[in-house]
Amino acid sequence: MKSIEQIWDWMDRPDSAALHALCSGTVWMFVGVTLGITMSNELTSPDLFAGIPQLVFSRLRPAHVNMNLFGFLGTTFYGGWYFILPRLCRTPLRTNREANLLIVLWNLAILAGSISLANGGNQGHEYGEYPWYVNFPVEIALIWNASIIFRTILAREVQKIYVSIWYIGGTVLWISVLYFIGHVMWHPFTTYLPDGQIVHAGATIGLDDAVWNWFYGHNVFGLYITTGGIAIVYYLVPKIAKTPLYSHALSLIGFWTIALLYAPTGQHHLLLAPIPNWLKIYAIIGSVALIVPVFSFVTNIFMTMSGKWSKAIDIVSLRFVLTGVFFYLAVSFQGSIQSLMTVNRFIHYTQWVVGHAHLALLGAFGFIAAGTVLYMIPQIVRRPLWSRNLADAQYWLFLIGLTGFFWSLTAAGLAQGSAWMLLGQQVVRAYPVVKPYFLLRSTFATLIYLGVIFELINIYMTLTTTRLDRAYSDRLNKAKNLEELMPAGLGASEL
Amino acid sequence: MNMKMSPFVIGVGATAVLASVVIANVLMPAWLFRPQPSPNAAPYTAEELRGRELYIENGCLYCHSQDTGPQDWGMGSGLSAEPGDYAYDSPHLIGSERNGPDLMREGGYHTDDWHWAHFEDPRYTRPQSFMPSFKFIQGKDRAALIAYMQCLGGKAGRARAAEQAADKTVLISYYNKGVSDNVAYLNSTLPAEWLTMPNPVPATVGSIGRGKVVYEAYCIGCHGENGDGRGPARPYLNPPPMDFTLLQASGATPNGSNIGHYDFKSNKVSVINNGAIYFAVLYGLPGSAMPQFKGQLESEKIWDVGNYIGYTFMGWKLEPYTGRYDELTKSLPAVGKPRRSDCHFDGAPMNVFDRLEPG
Ligand code: HEM
Ligand code: HEM
């Protein structure tokens, strides 16, 4: 039994919080994708777990979604930020011990939330499903995280603040506010109104409730996952490619426009609902104008790579990240187009949207998260990745799996849209139509699942194996302080 | 461009940008947009609210929207959702996907016993469905969930549901009187012209073959493989599904030419012709679990399934193909006639969707 002192010491080690967050994220990915596979098979064989309430499709679904958003992407990105910040600020995280405790709290909250959702504890807001007893720990963790991040930034020993830090700083503030709004946290208990109505915990009334819900719903992708992931890309790409960032001006444009334009787009999820037209128009304009931050970011990254693309072939983690950036471009472009009224009428309520969601979260940010983990964990434990071939195989499994996954759902969505909108058929007529696409999705998802297992094995072996590349570990062990691990190529002008 | 990004600029700037959007996008609507309850909206009862909670707990909202639009044919009497319809909803349950049908106007489109069977196993009432079984919701809870289903659609939905419940007691009493009285009563609920309606689609091999596909996709869960009303849904339904085989002795032809033989007093086994079947499939039999299929099956498919039932379970005779379609091509020289035999049962043009997608 370790004494408490030993535990504190263990938690104080530099990069330990980053390591623990990255590992937790990887485990959540595995669990989240396991739920996804289960659900996917339930859609094709609906009686798979018939009669087991905790395993019914519609209870697993919110558990899957929240676990992947907050558990997999959220936790992985925390790890990435905890890794990046000390290096860019040239000062230790303030403090590793706190960040470690935070990760424990965060993991427990996600575990509790998932168990609660599987048992029916659901607030009924899409993406805002966690019940109030999970929301409070999560909100505390979010605010605590913001404080860790900002204390580290304030204690920095470099004057200039690199782009990644802008994004991290913005993200931790935004999500703290958004989470509070999205879960209607000032309203944690059910109340009874005089005319016999109840106002459900974590909800307001009528269409307003829908407006609040989707304001949050879209911003959890836009101002949490997207900006959190972009922060890491801005660090990893110049760092791994050993080249300065292409343009400071593009970074500035991207940063300020993303907040201004992403935030109001939530109502594009309600384009068919009877909300006021001005809200719809506001959302559509924002959605189309998002091309500006998206293009400025993607251009910046791709121009940074110009002349260095061969590195993306050699280095798996870089390849993961850059493929993620490509998918980000694709999904955002798709997003802008599907927010147009004519397009949305056709694809709304169909599987097309599920395809879009996975292209974004699994394609763009799942790839970025995988690249982050594969790059950072070896750096932290100062040991090369256990198997490069396994990582390579994972890459191709992800790529083929995701592409097939996306296209089968897109096709299913188009088939549904045609049946409903062109042929005037009721939804029930589309059941036999979508079934083959669901089978295809399950097949491609199996490839992704295999990739996830490969990553899990690779990371586990990297952490535990003793087979070391001598030269590599010597070099890493000689680097006494963090400064020597500073990203090569991030010259003073880029910081 | 040279903007100095300090922690202050980032922290305050980022917060200010978000705050401005929160004001415009969240607070302003909350302040400006307060729809009054629409004439159709009505508050929920305690039982309905319990059902609504179960709807949320079990995640029904992930597959069912509650947002009927003008594009939704034949649902909710063509009403589109209006802001005031949601006035009593907390949380809103608009949803974002339609793996299953929109439920905004569900009230009264099915009877309670249909719902009971459907929650036990959706395949009982809809063989093609991929909705999960909710058989773990039992007793009072399932009743509450059904009460919630029946209140959807506001006042109109509740009125439909009340009508169904009233019809049900009458239907049960006739069912208990025996099959002849029962069918006689059911026939009396249909418009008289339909009872003697000549069958416009001859009961040919082709029609019967197509009807079988429809029967297996839509009817088999209740009426059963053998048409005897002993499908898996039967134990939950009262009155139980029609046993077509009981109607066999009548010897009716598909054209209903025997309709005059029916005699209420002698308790002779009753006759239904394809017109009666058509009408029942189109609009359902209110009060029974037999739902309406008017938004789901095209006209010819309904005649086809009637022919299948009549031929397979009720002893109708096969009819020769009358060549109605050929008449259209009468003026063409014989060699120019399209050859259809290779891809059709009997030369009748087949809707392409018949083959791609049963039902
Ligand atoms: C092999 C991996 C995966 C499989 C098989 C899978 C499967 C599914 C299924 C079956 C649904 C429900 C769709 C429906 O309601 O019709 C779903 C929804 C969702 N999943 Fe996944 N999933 C996987 C990985 C992921 C990952 C890694 C993420 C995020 C990082 C993710 C995020 C989501 C989201 C956000 C939704 C909700 C989509 C919407 O509301 O439109 N999934 N997933
Ligand atoms: C320019 C950027 C983007 C635009 C304009 C956009 C637009 C949209 C629109 C209009 C929908 C709703 C479709 C419908 O229900 O009819 C949607 C859904 C969705 N988007 Fe995007 N999108 C963009 C980028 C992204 C990114 C980067 C992510 C993830 C980080 C993302 C994640 C999602 C998810 C998860 C959904 C499914 C929501 C649900 O119904 O549950 N999108 N997007």
# chains A, B, ... in the order shown; residues from 1 in each chain; ligands from 1

call {"tool": "residues_around", "arguments": {"residues": "B:Gly227", "least_positions_apart": "4", "cutoff": "10 Å", "atoms": "only C-alpha atoms", "output": "CSV table (one decimal) with C-alpha atoms, in the first residue's frame"}}
result
chain,number,residue,atom,x,y,z
B,215,TYR,CA,-49.1,-9.8,-47.0
B,219,CYS,CA,-50.2,-8.4,-42.4
B,220,ILE,CA,-48.6,-11.7,-41.3
B,222,CYS,CA,-51.5,-10.5,-36.9
B,223,HIS,CA,-53.3,-12.5,-39.4
B,231,GLY,CA,-50.1,-14.5,-35.9
B,241,PRO,CA,-57.4,-10.5,-35.9
B,242,MET,CA,-59.8,-11.8,-38.5
B,243,ASP,CA,-59.6,-15.5,-39.3
B,244,PHE,CA,-60.0,-15.5,-43.1
B,245,THR,CA,-60.3,-19.3,-43.3
B,246,LEU,CA,-63.7,-19.0,-41.6
B,309,ILE,CA,-56.1,-13.4,-49.1
B,310,GLY,CA,-59.2,-14.4,-51.1
B,312,THR,CA,-55.3,-18.5,-50.5
B,313,PHE,CA,-57.5,-18.4,-47.5
B,314,MET,CA,-61.1,-17.9,-48.7

call {"tool": "closest_atom_pairs", "arguments": {"of": "chain B", "to": "ligand 1", "cutoff": "8 Å", "atoms": "only C-alpha atoms and all ligand atoms", "output": "Markdown table"}}
result
| residue | atom | partner | partner_atom_place_in_ligand_line | distance |
| --- | --- | --- | --- | --- |
| B:Tyr62 | CA | ligand 1 | 15 (O) | 5.9 |
| B:Cys63 | CA | ligand 1 | 15 (O) | 6.3 |
| B:Ser96 | CA | ligand 1 | 40 (O) | 6.8 |
| B:Glu97 | CA | ligand 1 | 15 (O) | 6.9 |
| B:Asn99 | CA | ligand 1 | 16 (O) | 6.5 |

call {"tool": "residues_near_ligand", "arguments": {"ligand": "ligand 2", "cutoff": "8 Å", "atoms": "only C-alpha atoms and all ligand atoms", "output": "short mmCIF file (atom, residue, chain, number, x, y, z; two decimals) with all heavy atoms, in the first residue's frame"}}
result
data_model
loop_
_atom_site.label_atom_id
_atom_site.label_comp_id
_atom_site.auth_asym_id
_atom_site.auth_seq_id
_atom_site.Cartn_x
_atom_site.Cartn_y
_atom_site.Cartn_z
N GLU A 126 -30.80 16.06 -26.62
CA GLU A 126 -29.75 15.38 -27.37
C GLU A 126 -28.41 16.08 -27.11
O GLU A 126 -28.33 17.31 -27.20
CB GLU A 126 -30.08 15.41 -28.86
CG GLU A 126 -30.09 14.02 -29.44
CD GLU A 126 -30.52 14.00 -30.88
OE1 GLU A 126 -31.69 14.36 -31.14
OE2 GLU A 126 -29.72 13.65 -31.73
N TYR A 127 -27.40 15.32 -26.82
CA TYR A 127 -26.06 15.79 -26.42
C TYR A 127 -26.05 16.42 -25.03
O TYR A 127 -25.00 16.74 -24.51
CB TYR A 127 -25.44 16.75 -27.45
CG TYR A 127 -25.30 16.09 -28.80
CD1 TYR A 127 -26.26 16.27 -29.77
CD2 TYR A 127 -24.25 15.24 -29.04
CE1 TYR A 127 -26.17 15.60 -30.98
CE2 TYR A 127 -24.15 14.59 -30.25
CZ TYR A 127 -25.11 14.78 -31.22
OH TYR A 127 -25.02 14.11 -32.42
N GLY A 217 -25.98 21.89 -28.51
CA GLY A 217 -25.66 20.69 -29.27
C GLY A 217 -24.62 20.97 -30.33
O GLY A 217 -23.63 20.26 -30.45
N HIS A 218 -24.81 22.04 -31.10
CA HIS A 218 -23.82 22.25 -32.15
C HIS A 218 -22.52 22.80 -31.61
O HIS A 218 -21.45 22.55 -32.15
CB HIS A 218 -24.33 23.14 -33.27
CG HIS A 218 -23.55 22.88 -34.52
ND1 HIS A 218 -23.82 21.82 -35.35
CD2 HIS A 218 -22.44 23.45 -35.01
CE1 HIS A 218 -22.93 21.77 -36.30
NE2 HIS A 218 -22.07 22.74 -36.13
N VAL A 220 -21.08 22.04 -28.89
CA VAL A 220 -20.22 21.03 -28.29
C VAL A 220 -19.30 20.46 -29.38
O VAL A 220 -18.15 20.10 -29.13
CB VAL A 220 -21.06 19.96 -27.57
CG1 VAL A 220 -21.51 18.89 -28.49
CG2 VAL A 220 -20.29 19.35 -26.43
N PHE A 221 -19.78 20.41 -30.63
CA PHE A 221 -18.86 20.02 -31.71
C PHE A 221 -17.96 21.19 -32.10
O PHE A 221 -16.78 21.02 -32.31
CB PHE A 221 -19.58 19.58 -32.99
CG PHE A 221 -20.87 18.85 -32.78
CD1 PHE A 221 -21.99 19.19 -33.52
CD2 PHE A 221 -20.96 17.83 -31.87
CE1 PHE A 221 -23.19 18.51 -33.34
CE2 PHE A 221 -22.15 17.16 -31.69
CZ PHE A 221 -23.27 17.50 -32.43
N GLY A 222 -18.59 22.38 -32.21
CA GLY A 222 -17.89 23.51 -32.81
C GLY A 222 -16.88 24.16 -31.89
O GLY A 222 -15.77 24.50 -32.31
N ILE A 225 -14.99 20.25 -29.38
CA ILE A 225 -14.23 19.23 -30.11
C ILE A 225 -13.40 19.88 -31.22
O ILE A 225 -12.19 19.63 -31.33
CB ILE A 225 -15.19 18.18 -30.68
CG1 ILE A 225 -15.99 17.50 -29.56
CG2 ILE A 225 -14.44 17.17 -31.50
CD1 ILE A 225 -15.14 16.81 -28.53
N THR A 226 -14.03 20.74 -32.03
CA THR A 226 -13.30 21.30 -33.16
C THR A 226 -12.14 22.17 -32.70
O THR A 226 -11.00 21.97 -33.09
CB THR A 226 -14.25 22.13 -34.04
OG1 THR A 226 -15.30 21.28 -34.48
CG2 THR A 226 -13.53 22.69 -35.24
N TYR A 262 -19.39 29.91 -35.52
CA TYR A 262 -19.87 28.60 -35.08
C TYR A 262 -21.00 28.74 -34.09
O TYR A 262 -21.98 28.00 -34.14
CB TYR A 262 -18.74 27.77 -34.43
CG TYR A 262 -18.54 26.45 -35.11
CD1 TYR A 262 -17.31 26.08 -35.63
CD2 TYR A 262 -19.60 25.56 -35.26
CE1 TYR A 262 -17.15 24.88 -36.29
CE2 TYR A 262 -19.43 24.36 -35.92
CZ TYR A 262 -18.20 24.03 -36.43
OH TYR A 262 -18.04 22.85 -37.08
N THR A 265 -24.82 28.67 -35.11
CA THR A 265 -25.30 27.76 -36.14
C THR A 265 -26.22 26.66 -35.61
O THR A 265 -26.77 25.90 -36.39
CB THR A 265 -24.13 27.07 -36.87
OG1 THR A 265 -23.35 26.41 -35.87
CG2 THR A 265 -23.29 28.05 -37.62
N HIS A 268 -29.44 25.30 -37.23
CA HIS A 268 -29.57 24.56 -38.48
C HIS A 268 -29.99 23.10 -38.22
O HIS A 268 -30.24 22.36 -39.16
CB HIS A 268 -28.31 24.65 -39.36
CG HIS A 268 -27.08 24.05 -38.78
ND1 HIS A 268 -25.81 24.50 -39.06
CD2 HIS A 268 -26.90 23.03 -37.92
CE1 HIS A 268 -24.92 23.77 -38.42
NE2 HIS A 268 -25.55 22.88 -37.73
N HIS A 269 -30.09 22.72 -36.98
CA HIS A 269 -30.65 21.40 -36.66
C HIS A 269 -32.17 21.47 -36.58
O HIS A 269 -32.83 20.45 -36.42
CB HIS A 269 -30.11 20.89 -35.33
CG HIS A 269 -28.64 20.65 -35.35
ND1 HIS A 269 -28.09 19.42 -35.55
CD2 HIS A 269 -27.59 21.51 -35.24
CE1 HIS A 269 -26.78 19.51 -35.55
NE2 HIS A 269 -26.44 20.77 -35.36
N LEU A 270 -32.71 22.68 -36.61
CA LEU A 270 -34.15 22.85 -36.44
C LEU A 270 -34.79 23.49 -37.66
O LEU A 270 -35.82 24.14 -37.56
CB LEU A 270 -34.43 23.72 -35.20
CG LEU A 270 -34.05 23.09 -33.86
CD1 LEU A 270 -34.16 24.11 -32.74
CD2 LEU A 270 -34.93 21.90 -33.55
N LEU A 271 -34.13 23.33 -38.81
CA LEU A 271 -34.62 24.06 -39.99
C LEU A 271 -36.03 23.62 -40.40
O LEU A 271 -36.75 24.39 -41.02
CB LEU A 271 -33.66 23.86 -41.16
CG LEU A 271 -32.30 24.55 -40.98
CD1 LEU A 271 -31.40 24.28 -42.16
CD2 LEU A 271 -32.48 26.05 -40.80
N ILE A 284 -28.19 29.71 -40.94
CA ILE A 284 -27.73 29.32 -42.28
C ILE A 284 -26.56 30.21 -42.71
O ILE A 284 -25.56 29.73 -43.24
CB ILE A 284 -28.89 29.41 -43.30
CG1 ILE A 284 -29.95 28.37 -42.95
CG2 ILE A 284 -28.38 29.18 -44.71
CD1 ILE A 284 -31.23 28.50 -43.75
N GLY A 286 -24.45 31.73 -40.77
CA GLY A 286 -23.29 31.29 -40.00
C GLY A 286 -22.70 30.02 -40.58
O GLY A 286 -21.49 29.89 -40.74
N SER A 287 -23.56 29.07 -40.93
CA SER A 287 -23.08 27.78 -41.40
C SER A 287 -22.32 27.92 -42.71
O SER A 287 -21.31 27.25 -42.93
CB SER A 287 -24.24 26.82 -41.62
OG SER A 287 -25.05 26.76 -40.49
N VAL A 288 -22.84 28.78 -43.59
CA VAL A 288 -22.15 28.94 -44.88
C VAL A 288 -20.86 29.72 -44.68
O VAL A 288 -19.81 29.37 -45.22
CB VAL A 288 -23.08 29.60 -45.91
CG1 VAL A 288 -22.33 29.90 -47.19
CG2 VAL A 288 -24.27 28.70 -46.18
N ALA A 289 -20.93 30.76 -43.85
CA ALA A 289 -19.75 31.58 -43.64
C ALA A 289 -18.64 30.83 -42.92
O ALA A 289 -17.48 31.25 -42.93
CB ALA A 289 -20.12 32.84 -42.86
N LEU A 290 -18.98 29.70 -42.31
CA LEU A 290 -17.95 28.91 -41.63
C LEU A 290 -16.84 28.46 -42.58
O LEU A 290 -15.77 28.05 -42.15
CB LEU A 290 -18.58 27.68 -40.97
CG LEU A 290 -19.00 27.88 -39.53
CD1 LEU A 290 -19.76 26.69 -39.02
CD2 LEU A 290 -17.76 28.10 -38.67
N ILE A 291 -17.13 28.56 -43.87
CA ILE A 291 -16.08 28.27 -44.84
C ILE A 291 -14.83 29.10 -44.54
O ILE A 291 -13.72 28.63 -44.73
CB ILE A 291 -16.62 28.57 -46.26
CG1 ILE A 291 -17.61 27.49 -46.65
CG2 ILE A 291 -15.50 28.68 -47.26
CD1 ILE A 291 -18.19 27.66 -48.04
N VAL A 294 -12.77 27.59 -41.63
CA VAL A 294 -12.36 26.24 -42.04
C VAL A 294 -11.24 26.34 -43.09
O VAL A 294 -10.19 25.71 -42.96
CB VAL A 294 -13.56 25.46 -42.61
CG1 VAL A 294 -13.10 24.16 -43.25
CG2 VAL A 294 -14.56 25.17 -41.51
N TYR A 328 -11.81 16.93 -41.93
CA TYR A 328 -12.42 18.14 -41.36
C TYR A 328 -12.88 19.07 -42.47
O TYR A 328 -13.99 19.60 -42.44
CB TYR A 328 -11.42 18.84 -40.44
CG TYR A 328 -11.89 20.17 -39.93
CD1 TYR A 328 -12.93 20.24 -39.01
CD2 TYR A 328 -11.29 21.34 -40.35
CE1 TYR A 328 -13.38 21.48 -38.55
CE2 TYR A 328 -11.73 22.57 -39.89
CZ TYR A 328 -12.77 22.63 -38.99
OH TYR A 328 -13.20 23.84 -38.54
N VAL A 331 -15.95 17.42 -44.09
CA VAL A 331 -17.18 17.42 -43.31
C VAL A 331 -17.73 18.83 -43.16
O VAL A 331 -18.93 19.05 -43.14
CB VAL A 331 -16.98 16.74 -41.94
CG1 VAL A 331 -16.32 17.65 -40.94
CG2 VAL A 331 -18.32 16.29 -41.41
N SER A 332 -16.84 19.80 -43.09
CA SER A 332 -17.33 21.16 -42.96
C SER A 332 -17.96 21.64 -44.25
O SER A 332 -18.98 22.33 -44.25
CB SER A 332 -16.18 22.10 -42.59
OG SER A 332 -15.63 21.68 -41.38
N PHE A 333 -17.36 21.24 -45.35
CA PHE A 333 -17.94 21.60 -46.63
C PHE A 333 -19.32 20.96 -46.77
O PHE A 333 -20.29 21.60 -47.14
CB PHE A 333 -16.99 21.11 -47.74
CG PHE A 333 -17.26 21.76 -49.05
CD1 PHE A 333 -17.06 23.12 -49.20
CD2 PHE A 333 -17.72 21.02 -50.12
CE1 PHE A 333 -17.32 23.74 -50.41
CE2 PHE A 333 -17.98 21.64 -51.33
CZ PHE A 333 -17.78 22.99 -51.47
N GLN A 334 -19.38 19.69 -46.40
CA GLN A 334 -20.67 19.00 -46.43
C GLN A 334 -21.66 19.72 -45.52
O GLN A 334 -22.81 19.95 -45.88
CB GLN A 334 -20.49 17.56 -45.96
CG GLN A 334 -21.79 16.78 -45.97
CD GLN A 334 -21.70 15.46 -45.22
OE1 GLN A 334 -20.94 15.33 -44.26
NE2 GLN A 334 -22.46 14.48 -45.66
N GLY A 335 -21.17 20.11 -44.33
CA GLY A 335 -22.04 20.79 -43.37
C GLY A 335 -22.61 22.07 -43.93
O GLY A 335 -23.81 22.34 -43.82
N SER A 336 -21.77 22.88 -44.57
CA SER A 336 -22.25 24.14 -45.10
C SER A 336 -23.33 23.89 -46.14
O SER A 336 -24.34 24.60 -46.19
CB SER A 336 -21.11 24.92 -45.75
OG SER A 336 -20.18 25.28 -44.76
N ILE A 337 -23.14 22.87 -46.96
CA ILE A 337 -24.13 22.62 -48.00
C ILE A 337 -25.43 22.06 -47.42
O ILE A 337 -26.51 22.46 -47.81
CB ILE A 337 -23.53 21.67 -49.05
CG1 ILE A 337 -22.48 22.44 -49.84
CG2 ILE A 337 -24.58 21.12 -49.97
CD1 ILE A 337 -21.65 21.61 -50.73
N GLN A 338 -25.29 21.18 -46.42
CA GLN A 338 -26.53 20.59 -45.91
C GLN A 338 -27.30 21.54 -45.01
O GLN A 338 -28.41 21.24 -44.60
CB GLN A 338 -26.25 19.27 -45.19
CG GLN A 338 -25.70 19.40 -43.80
CD GLN A 338 -25.16 18.10 -43.28
OE1 GLN A 338 -24.90 17.19 -44.02
NE2 GLN A 338 -24.99 18.01 -41.98
N SER A 339 -26.73 22.71 -44.69
CA SER A 339 -27.53 23.68 -43.93
C SER A 339 -28.42 24.51 -44.84
O SER A 339 -29.23 25.28 -44.34
CB SER A 339 -26.66 24.66 -43.15
OG SER A 339 -25.41 24.16 -42.93
N LEU A 340 -28.22 24.39 -46.16
CA LEU A 340 -29.11 25.12 -47.05
C LEU A 340 -30.48 24.47 -47.01
O LEU A 340 -30.60 23.25 -46.99
CB LEU A 340 -28.55 25.11 -48.48
CG LEU A 340 -27.15 25.72 -48.59
CD1 LEU A 340 -26.60 25.54 -49.99
CD2 LEU A 340 -27.18 27.18 -48.21
N ASN A 344 -31.34 20.60 -46.84
CA ASN A 344 -31.69 20.09 -45.53
C ASN A 344 -33.03 19.39 -45.53
O ASN A 344 -33.23 18.37 -44.86
CB ASN A 344 -31.68 21.22 -44.51
CG ASN A 344 -31.66 20.68 -43.10
OD1 ASN A 344 -32.70 20.57 -42.47
ND2 ASN A 344 -30.49 20.31 -42.62
N ARG A 345 -33.97 19.93 -46.31
CA ARG A 345 -35.29 19.30 -46.34
C ARG A 345 -35.17 17.86 -46.83
O ARG A 345 -35.93 17.00 -46.44
CB ARG A 345 -36.19 20.12 -47.26
CG ARG A 345 -37.65 19.86 -47.06
CD ARG A 345 -38.51 20.83 -47.85
NE ARG A 345 -38.51 22.16 -47.27
CZ ARG A 345 -38.52 23.28 -48.00
NH1 ARG A 345 -38.51 23.22 -49.31
NH2 ARG A 345 -38.54 24.46 -47.41
N ILE A 347 -32.34 15.84 -46.62
CA ILE A 347 -31.52 14.91 -45.84
C ILE A 347 -31.83 14.93 -44.34
O ILE A 347 -31.38 14.05 -43.62
CB ILE A 347 -30.01 15.15 -46.06
CG1 ILE A 347 -29.63 16.60 -45.76
CG2 ILE A 347 -29.60 14.81 -47.47
CD1 ILE A 347 -29.20 16.85 -44.40
N HIS A 348 -32.58 15.91 -43.90
CA HIS A 348 -32.85 15.95 -42.47
C HIS A 348 -33.67 14.73 -42.07
O HIS A 348 -34.50 14.26 -42.82
CB HIS A 348 -33.62 17.23 -42.11
CG HIS A 348 -33.74 17.43 -40.63
ND1 HIS A 348 -32.64 17.47 -39.80
CD2 HIS A 348 -34.81 17.56 -39.83
CE1 HIS A 348 -33.05 17.63 -38.55
NE2 HIS A 348 -34.36 17.69 -38.54
N TYR A 349 -33.41 14.23 -40.88
CA TYR A 349 -34.06 13.04 -40.33
C TYR A 349 -33.57 11.74 -40.97
O TYR A 349 -34.05 10.68 -40.62
CB TYR A 349 -35.60 13.10 -40.48
CG TYR A 349 -36.26 14.15 -39.63
CD1 TYR A 349 -37.21 15.00 -40.17
CD2 TYR A 349 -35.95 14.28 -38.29
CE1 TYR A 349 -37.83 15.96 -39.40
CE2 TYR A 349 -36.56 15.24 -37.51
CZ TYR A 349 -37.50 16.08 -38.06
OH TYR A 349 -38.12 17.02 -37.30
N THR A 350 -32.64 11.81 -41.92
CA THR A 350 -32.19 10.56 -42.54
C THR A 350 -30.82 10.15 -41.97
O THR A 350 -30.21 10.88 -41.20
CB THR A 350 -32.01 10.70 -44.06
OG1 THR A 350 -30.88 11.54 -44.30
CG2 THR A 350 -33.23 11.31 -44.72
N VAL A 353 -27.33 12.28 -41.97
CA VAL A 353 -26.82 13.08 -40.85
C VAL A 353 -25.92 12.24 -39.94
O VAL A 353 -24.92 12.73 -39.43
CB VAL A 353 -27.98 13.70 -40.06
CG1 VAL A 353 -27.46 14.54 -38.92
CG2 VAL A 353 -28.87 14.52 -40.97
N VAL A 354 -26.29 10.97 -39.77
CA VAL A 354 -25.44 10.10 -38.95
C VAL A 354 -24.10 9.91 -39.64
O VAL A 354 -23.04 9.88 -39.00
CB VAL A 354 -26.15 8.76 -38.68
CG1 VAL A 354 -25.31 7.88 -37.79
CG2 VAL A 354 -27.51 8.99 -38.05
N HIS A 356 -22.68 12.12 -41.59
CA HIS A 356 -21.97 13.39 -41.35
C HIS A 356 -21.36 13.39 -39.95
O HIS A 356 -20.19 13.75 -39.78
CB HIS A 356 -22.97 14.54 -41.51
CG HIS A 356 -22.48 15.88 -41.09
ND1 HIS A 356 -21.66 16.65 -41.87
CD2 HIS A 356 -22.70 16.59 -39.96
CE1 HIS A 356 -21.40 17.79 -41.24
NE2 HIS A 356 -22.02 17.78 -40.08
N ALA A 357 -22.14 12.99 -38.96
CA ALA A 357 -21.65 13.01 -37.58
C ALA A 357 -20.41 12.13 -37.43
O ALA A 357 -19.46 12.52 -36.74
CB ALA A 357 -22.75 12.54 -36.63
N HIS A 358 -20.40 10.97 -38.08
CA HIS A 358 -19.23 10.10 -37.94
C HIS A 358 -18.06 10.57 -38.78
O HIS A 358 -16.91 10.40 -38.38
CB HIS A 358 -19.61 8.65 -38.25
CG HIS A 358 -20.41 8.03 -37.15
ND1 HIS A 358 -21.78 8.13 -37.10
CD2 HIS A 358 -20.05 7.37 -36.03
CE1 HIS A 358 -22.22 7.54 -36.01
NE2 HIS A 358 -21.19 7.07 -35.34
N ALA A 360 -17.33 13.56 -39.09
CA ALA A 360 -16.76 14.64 -38.28
C ALA A 360 -16.04 14.08 -37.06
O ALA A 360 -14.87 14.35 -36.83
CB ALA A 360 -17.86 15.60 -37.84
N LEU A 361 -16.75 13.29 -36.28
CA LEU A 361 -16.20 12.93 -34.97
C LEU A 361 -15.24 11.77 -35.05
O LEU A 361 -14.24 11.72 -34.33
CB LEU A 361 -17.34 12.64 -34.01
CG LEU A 361 -18.16 13.92 -33.77
CD1 LEU A 361 -19.46 13.60 -33.09
CD2 LEU A 361 -17.37 14.91 -32.94
N ALA A 364 -12.71 13.18 -38.84
CA ALA A 364 -11.82 14.30 -38.57
C ALA A 364 -11.17 14.16 -37.20
O ALA A 364 -9.95 14.01 -37.09
CB ALA A 364 -12.59 15.60 -38.68
N PHE A 365 -11.96 14.16 -36.14
CA PHE A 365 -11.34 14.28 -34.82
C PHE A 365 -10.90 12.96 -34.24
O PHE A 365 -9.98 12.92 -33.43
CB PHE A 365 -12.24 15.10 -33.91
CG PHE A 365 -12.33 16.50 -34.45
CD1 PHE A 365 -13.40 16.92 -35.23
CD2 PHE A 365 -11.28 17.37 -34.25
CE1 PHE A 365 -13.42 18.18 -35.78
CE2 PHE A 365 -11.30 18.64 -34.81
CZ PHE A 365 -12.37 19.05 -35.58
N SER B 96 -34.20 14.16 -34.02
CA SER B 96 -33.36 14.53 -35.16
C SER B 96 -33.26 13.41 -36.18
O SER B 96 -32.52 13.51 -37.12
CB SER B 96 -31.96 14.90 -34.67
OG SER B 96 -31.35 13.77 -34.10
N GLU B 97 -34.01 12.36 -36.00
CA GLU B 97 -33.87 11.24 -36.92
C GLU B 97 -35.20 10.55 -37.08
O GLU B 97 -36.01 10.57 -36.16
CB GLU B 97 -32.89 10.22 -36.32
CG GLU B 97 -31.68 9.97 -37.16
CD GLU B 97 -30.80 8.97 -36.47
OE1 GLU B 97 -29.93 9.36 -35.66
OE2 GLU B 97 -31.00 7.79 -36.74
#

call {"tool": "closest_residue", "arguments": {"among": "B:Asp85, B:Ser299, B:Pro35, B:His115", "to": "B:Ala144", "atoms": "only C-alpha atoms"}}
result
B:His115

call {"tool": "closest_residue", "arguments": {"among": "A:Gly202, A:Gly182, A:Pro86, A:Gly424", "to": "A:Trp132", "atoms": "only C-alpha atoms"}}
result
A:Gly202

call {"tool": "closest_residue", "arguments": {"among": "B:Ser6, B:Ser20, B:Asn307, B:Ser173", "to": "B:Leu186", "atoms": "only C-alpha atoms"}}
result
B:Ser173

call {"tool": "select_by_dssp", "arguments": {"residues": "stretch 87-280 of chain B", "states": "helix (DSSP H, G or I)", "output": "number ranges by chain"}}
result
B: 112-120, 122-125, 139-151, 154-176, 179-189, 192-195, 205-223, 234-236, 244-250, 259-261, 274-280
